[in-house]
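Undergrad: Starting off with a structure, shown below.
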Amino acid sequence: MSFEMWAEKYRPKTLDEMVNQKEIVERLKSFVKAKNVPHCIFAGPPGTGKTTAALCLARDLYGENYREYIMELNASDERGIDVVRETVKTFARVRSIGEVPFKIMILDEADNMTADAQQALRRTMERYTETCRFILCANYSGKIIEPIQSRCAPFRFTYLPREEHDKYLRHIAENEGVKLLDEGLDAIYEVCGGDLRRAINTLQAAASLGKPIDAKVVYSIAGRANPADVQKMIETAMKGNFIEARKQLREMIQKYGVAGNDIIRQIHTEIFRADIPEPWKIRMADIVGEIDYRLVEGADEEVQLSALLARLVEAAYEMRGVVKKV
Amino acid sequence: MYQPWTVKYKPKTLKEVVGNKEAIQKFVEWVKSWDRGIPPKRAAFLYGPPGVGKTVTVEALANDLKMELVEKNASDYRTEEAVKRFAGLASQYGSLFGTKRIILFDELDGLTGTADKGGVKAITDITKTAQCPIVLIANNAFDPRFAFLRNYCLLIEFKKPSTTDVLKHLKGICLKEGIEAEENALKFIAQRSEGDIRSAVTDLQALAQGKKRLTYDDVSWLGFRDRQETIFTVLRMILYGKTCEGAKRAVDMADVDTDMLFEWIYENVPAHLTDPHDLARAMDALSMADVYRGRIRKTQDWSFVRYVVDFMSAGVAMARVNTKTSGWTPFRFPERIQALSRSKEERAMQLEIGRKIKRRCHISATRAAKEVLPYLRIIFKNNVKMAAGIAKWLDLTPEMIEYVAESKEKAAAINKLLS
């Protein structure tokens, strides 16, 4: 077993090594061949190979010293307009020496950039096209402003198909000498969707227990690694324990920094999955929607969401009354 | 059911009463003198600031001397007729069963202006002819209303006990509750109370109940706040308010700012409004108050603050429809504020680790803290060897290792492998 992060260790190094996103890889290879790359948007859910594809492209294009020709900037950490102005400009305007006449700027999580920063970026992209090409990675291309979208070649990344996912994890498990049972693999796919980074992290954390990886191990890992246990919070509220539910909410927000609109989105999903009479689901949706709107208007996520929890407590209480009467 | 510590640890005998030794001695001598015949002053007038032990002294004395204590509060003697009903009681020293009797008129300040004028006059009449000791208690004996009454009274002043005395009392309570408290934490509470033992004990309970340890950090953040009694009164007026007007007036009385008062209400609503419908209504009111705070921020128009006040006070008060007001529920300090300052440090640490991960893993520090760190926690807890490898690979500091491992022993084992 090796002792680094496997998600990094098993990241493909070249486009040839990339097992998925076949069509995208083919197009990227043609860019390498022509030694010309347009501005690109790599859009798609997390863990589908966007950053990897960008890095592989760069390595194939520039060779082993590719790091000298690229810059990785993460919009989640530095999303202000000043960063774009200064860092990006400084990097973009200096011509590179070598076979390929341009450098590559990888802007990760670009959909987290402010609209202002995106506007600034748009001008920079235009002005320095000769010397620098941009690859924007984003979960939602819709959050990228139109003028930028129209300047970029769009690439849509999708979740790995099940066979590819299984093949990849089996390969890692074998290489690391870890016993991965079929039911464990099923569980990983169920828990992580097709998000390969999460899948590999789950595999490694499960392997650290030093036991064969079965479904039980995977579920326990997933439960512990996922602080935003919205389902549990809803259950607590529906049982009528408001104070405890609010405590769980507070922990999510304060300790783990989960965003309020992520929580409300999950509550919305959970309500339709919950074991409650059908007509109640739409009543609840109304309540969730109202609080969602207030969240936009209001100032304090915990206050708004705990008001929602109180409504859940109330609805569950009423529901018990109705059921009793029938 | 909770019991207020002010009741639970109320002194049972005079020996336990904190401070005011001289005043107590003077009072005891006067009461005992009744055994030798009616003294020149038939009433003792105990006066002094709130919470220094006036009522407690009378109760403890009655207990020590096995006397029957007839205790009356302001509400019992609003009018002349009401007081006259006690006249009969006051005409005999011994009760039916042979025990000696003492009559206490507490909270004399509670009588308001003209409406209760008859009350003071009736008390004065009883005092003139009383056959048993009468005790009067007020904060200010020199109020002009009592000018005539004072002539018939032995005046005994109760002063604020020293911080040392209050501190001793608080220590005694902690000992009995099995709470290990830092000296300077208790000292802080004692000093803040300014000699008001009742508020010091209330403070202590709100901060320490249910805890094993009380540290200076637990209490020091209260520093900016003024007197305790006010905030509890304000909360009571809001959470148990019957009218919108009354609840709104409470906000003006509060000596904390609107945001802080909001936190107090937000913390205490669920324990005091337990009916699900009431709770939902109250939380909805707070949610609306918060929406108006957002509107203020957006428009920078502070005149909207009146709606914030409406919802957080009157809105909450009107939410009470079904919840009964029985029993005593303690008010709690806003835990969220404490938790927030604690988790701020924690999040800074998470981000630092996130940056280390970012350098290696092509992921933003923010996302690394959220998505990778949880897995590291599991690994660090279960596999020291793998943890050491990753710690080295990520170049984590010993503090970071301890944070991720969530245990000193595990961290030590990991660090040992690294060296």
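FYI, nothing fancy with the structure tokens labels: chains A, B, ... in order, residues from 1 per chain, ligands from 1 as they appear.
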Could you produce a table of the residues of chain A lying within 7 Å of chain B, with the nearest pair of atoms per residue and their separation in Å rounded to one decimal, using only C-alpha atoms, ordered by chain and increasing residue number, as JSON lines?
TA:
{"residue": "A:Phe3", "atom": "CA", "partner": "B:Gly389", "partner_atom": "CA", "distance": 4.5}
{"residue": "A:Glu4", "atom": "CA", "partner": "B:Ile390", "partner_atom": "CA", "distance": 4.7}
{"residue": "A:Met5", "atom": "CA", "partner": "B:Ile390", "partner_atom": "CA", "distance": 6.6}
{"residue": "A:Glu8", "atom": "CA", "partner": "B:Cys361", "partner_atom": "CA", "distance": 6.0}
{"residue": "A:Asn74", "atom": "CA", "partner": "B:Ser364", "partner_atom": "CA", "distance": 5.7}
{"residue": "A:Ser76", "atom": "CA", "partner": "B:Ser364", "partner_atom": "CA", "distance": 6.2}
{"residue": "A:Asp77", "atom": "CA", "partner": "B:Ser364", "partner_atom": "CA", "distance": 6.2}
{"residue": "A:Asn201", "atom": "CA", "partner": "B:Tyr375", "partner_atom": "CA", "distance": 6.4}
{"residue": "A:Thr202", "atom": "CA", "partner": "B:Tyr375", "partner_atom": "CA", "distance": 6.9}
{"residue": "A:Ala205", "atom": "CA", "partner": "B:Ile379", "partner_atom": "CA", "distance": 5.3}
{"residue": "A:Ser208", "atom": "CA", "partner": "B:Asn383", "partner_atom": "CA", "distance": 5.3}
{"residue": "A:Leu209", "atom": "CA", "partner": "B:Asn382", "partner_atom": "CA", "distance": 5.6}
{"residue": "A:Ala225", "atom": "CA", "partner": "B:Pro374", "partner_atom": "CA", "distance": 4.8}
{"residue": "A:Ile243", "atom": "CA", "partner": "B:Pro270", "partner_atom": "CA", "distance": 6.6}
{"residue": "A:Gln254", "atom": "CA", "partner": "B:Ser343", "partner_atom": "CA", "distance": 6.1}
{"residue": "A:Lys255", "atom": "CA", "partner": "B:Ser343", "partner_atom": "CA", "distance": 5.6}
{"residue": "A:Tyr256", "atom": "CA", "partner": "B:Lys370", "partner_atom": "CA", "distance": 6.9}
{"residue": "A:Arg294", "atom": "CA", "partner": "B:Val291", "partner_atom": "CA", "distance": 6.4}
{"residue": "A:Glu297", "atom": "CA", "partner": "B:Val291", "partner_atom": "CA", "distance": 5.9}
{"residue": "A:Gly298", "atom": "CA", "partner": "B:Val291", "partner_atom": "CA", "distance": 4.0}
{"residue": "A:Ala299", "atom": "CA", "partner": "B:Gly294", "partner_atom": "CA", "distance": 4.7}
{"residue": "A:Asp300", "atom": "CA", "partner": "B:Asp290", "partner_atom": "CA", "distance": 6.8}
{"residue": "A:Val303", "atom": "CA", "partner": "B:Ser287", "partner_atom": "CA", "distance": 6.1}
{"residue": "A:Gln304", "atom": "CA", "partner": "B:Ser287", "partner_atom": "CA", "distance": 5.4}
{"residue": "A:Ala307", "atom": "CA", "partner": "B:Met283", "partner_atom": "CA", "distance": 4.8}
{"residue": "A:Ala310", "atom": "CA", "partner": "B:Ala280", "partner_atom": "CA", "distance": 4.8}
{"residue": "A:Arg311", "atom": "CA", "partner": "B:Ala280", "partner_atom": "CA", "distance": 5.3}
{"residue": "A:Val313", "atom": "CA", "partner": "B:Pro276", "partner_atom": "CA", "distance": 6.3}
{"residue": "A:Glu314", "atom": "CA", "partner": "B:Pro276", "partner_atom": "CA", "distance": 4.8}
{"residue": "A:Tyr317", "atom": "CA", "partner": "B:Pro276", "partner_atom": "CA", "distance": 7.0}
Undergrad: As an MDAnalysis selection string, please: every residue in region 240-295 of chain B that DSSP puts in helix (DSSP H, G or I).
TA: chainID B and resid 244:253 258:272 276:295
Undergrad: Quick one: residues within 9 Å of Pro212 (chain A), only C-alpha atoms, excluding same-chain residues fewer than 3 positions away - as a list in words?
TA: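 That gives Val178, Lys179, Leu180, Leu181, Gly184, Ala206, Ala207, Leu209 and Val217 of chain A.
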Undergrad: Can you tell me how far CA of Asn20 (chain B) sits from CA of Val120 (chain B), in Å to one decimal?
TA: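 Rounded to one decimal, the two atoms are 27.1 Å apart.
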Undergrad: Please, what distance in Å, to one decimal, runs between CA of Glu157 (chain B) and CA of Ala23 (chain B)?
TA: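 Spanning CA of Glu157 (chain B) to CA of Ala23 (chain B) is a straight-line distance of 6.4 Å.
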Undergrad: Write out as a ChimeraX atom specification each polymer residue whose atoms come within 8 Å of Ala120 (chain A), counting only C-alpha atoms; drop sequence neighbours fewer than 2 positions from it.
TA: /A:81,84-85,116-118,122-124
Undergrad: Grab the residues selected above and save them as a PDB file, in the first residue's frame with N, CA and C atoms.
TA:
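Once everything was written out, this is selection27.pdb:
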ATOM      1  N   ILE A  81     -11.749  40.388  -8.475  1.00  0.00           N
ATOM      2  CA  ILE A  81     -11.411  41.012  -9.752  1.00  0.00           C
ATOM      3  C   ILE A  81      -9.932  41.389  -9.801  1.00  0.00           C
ATOM      4  N   VAL A  84      -7.667  38.563 -11.022  1.00  0.00           N
ATOM      5  CA  VAL A  84      -7.727  38.416 -12.468  1.00  0.00           C
ATOM      6  C   VAL A  84      -6.876  39.494 -13.124  1.00  0.00           C
ATOM      7  N   ARG A  85      -7.073  40.725 -12.653  1.00  0.00           N
ATOM      8  CA  ARG A  85      -6.332  41.834 -13.254  1.00  0.00           C
ATOM      9  C   ARG A  85      -4.836  41.598 -13.171  1.00  0.00           C
ATOM     10  N   ASP A 116     -18.028  40.491 -12.058  1.00  0.00           N
ATOM     11  CA  ASP A 116     -17.044  41.541 -12.357  1.00  0.00           C
ATOM     12  C   ASP A 116     -15.721  40.953 -12.816  1.00  0.00           C
ATOM     13  N   ALA A 117     -15.287  39.947 -12.071  1.00  0.00           N
ATOM     14  CA  ALA A 117     -14.020  39.306 -12.401  1.00  0.00           C
ATOM     15  C   ALA A 117     -14.105  38.660 -13.782  1.00  0.00           C
ATOM     16  N   GLN A 118     -15.275  38.112 -14.086  1.00  0.00           N
ATOM     17  CA  GLN A 118     -15.444  37.487 -15.400  1.00  0.00           C
ATOM     18  C   GLN A 118     -15.369  38.518 -16.520  1.00  0.00           C
ATOM     19  N   ARG A 122     -12.714  38.553 -19.524  1.00  0.00           N
ATOM     20  CA  ARG A 122     -13.092  38.567 -20.931  1.00  0.00           C
ATOM     21  C   ARG A 122     -12.162  39.483 -21.741  1.00  0.00           C
ATOM     22  N   ARG A 123     -11.879  40.658 -21.185  1.00  0.00           N
ATOM     23  CA  ARG A 123     -10.991  41.576 -21.899  1.00  0.00           C
ATOM     24  C   ARG A 123      -9.575  41.015 -21.987  1.00  0.00           C
ATOM     25  N   THR A 124      -9.129  40.439 -20.865  1.00  0.00           N
ATOM     26  CA  THR A 124      -7.783  39.860 -20.861  1.00  0.00           C
ATOM     27  C   THR A 124      -7.657  38.757 -21.909  1.00  0.00           C
TER      28      THR A 124
END
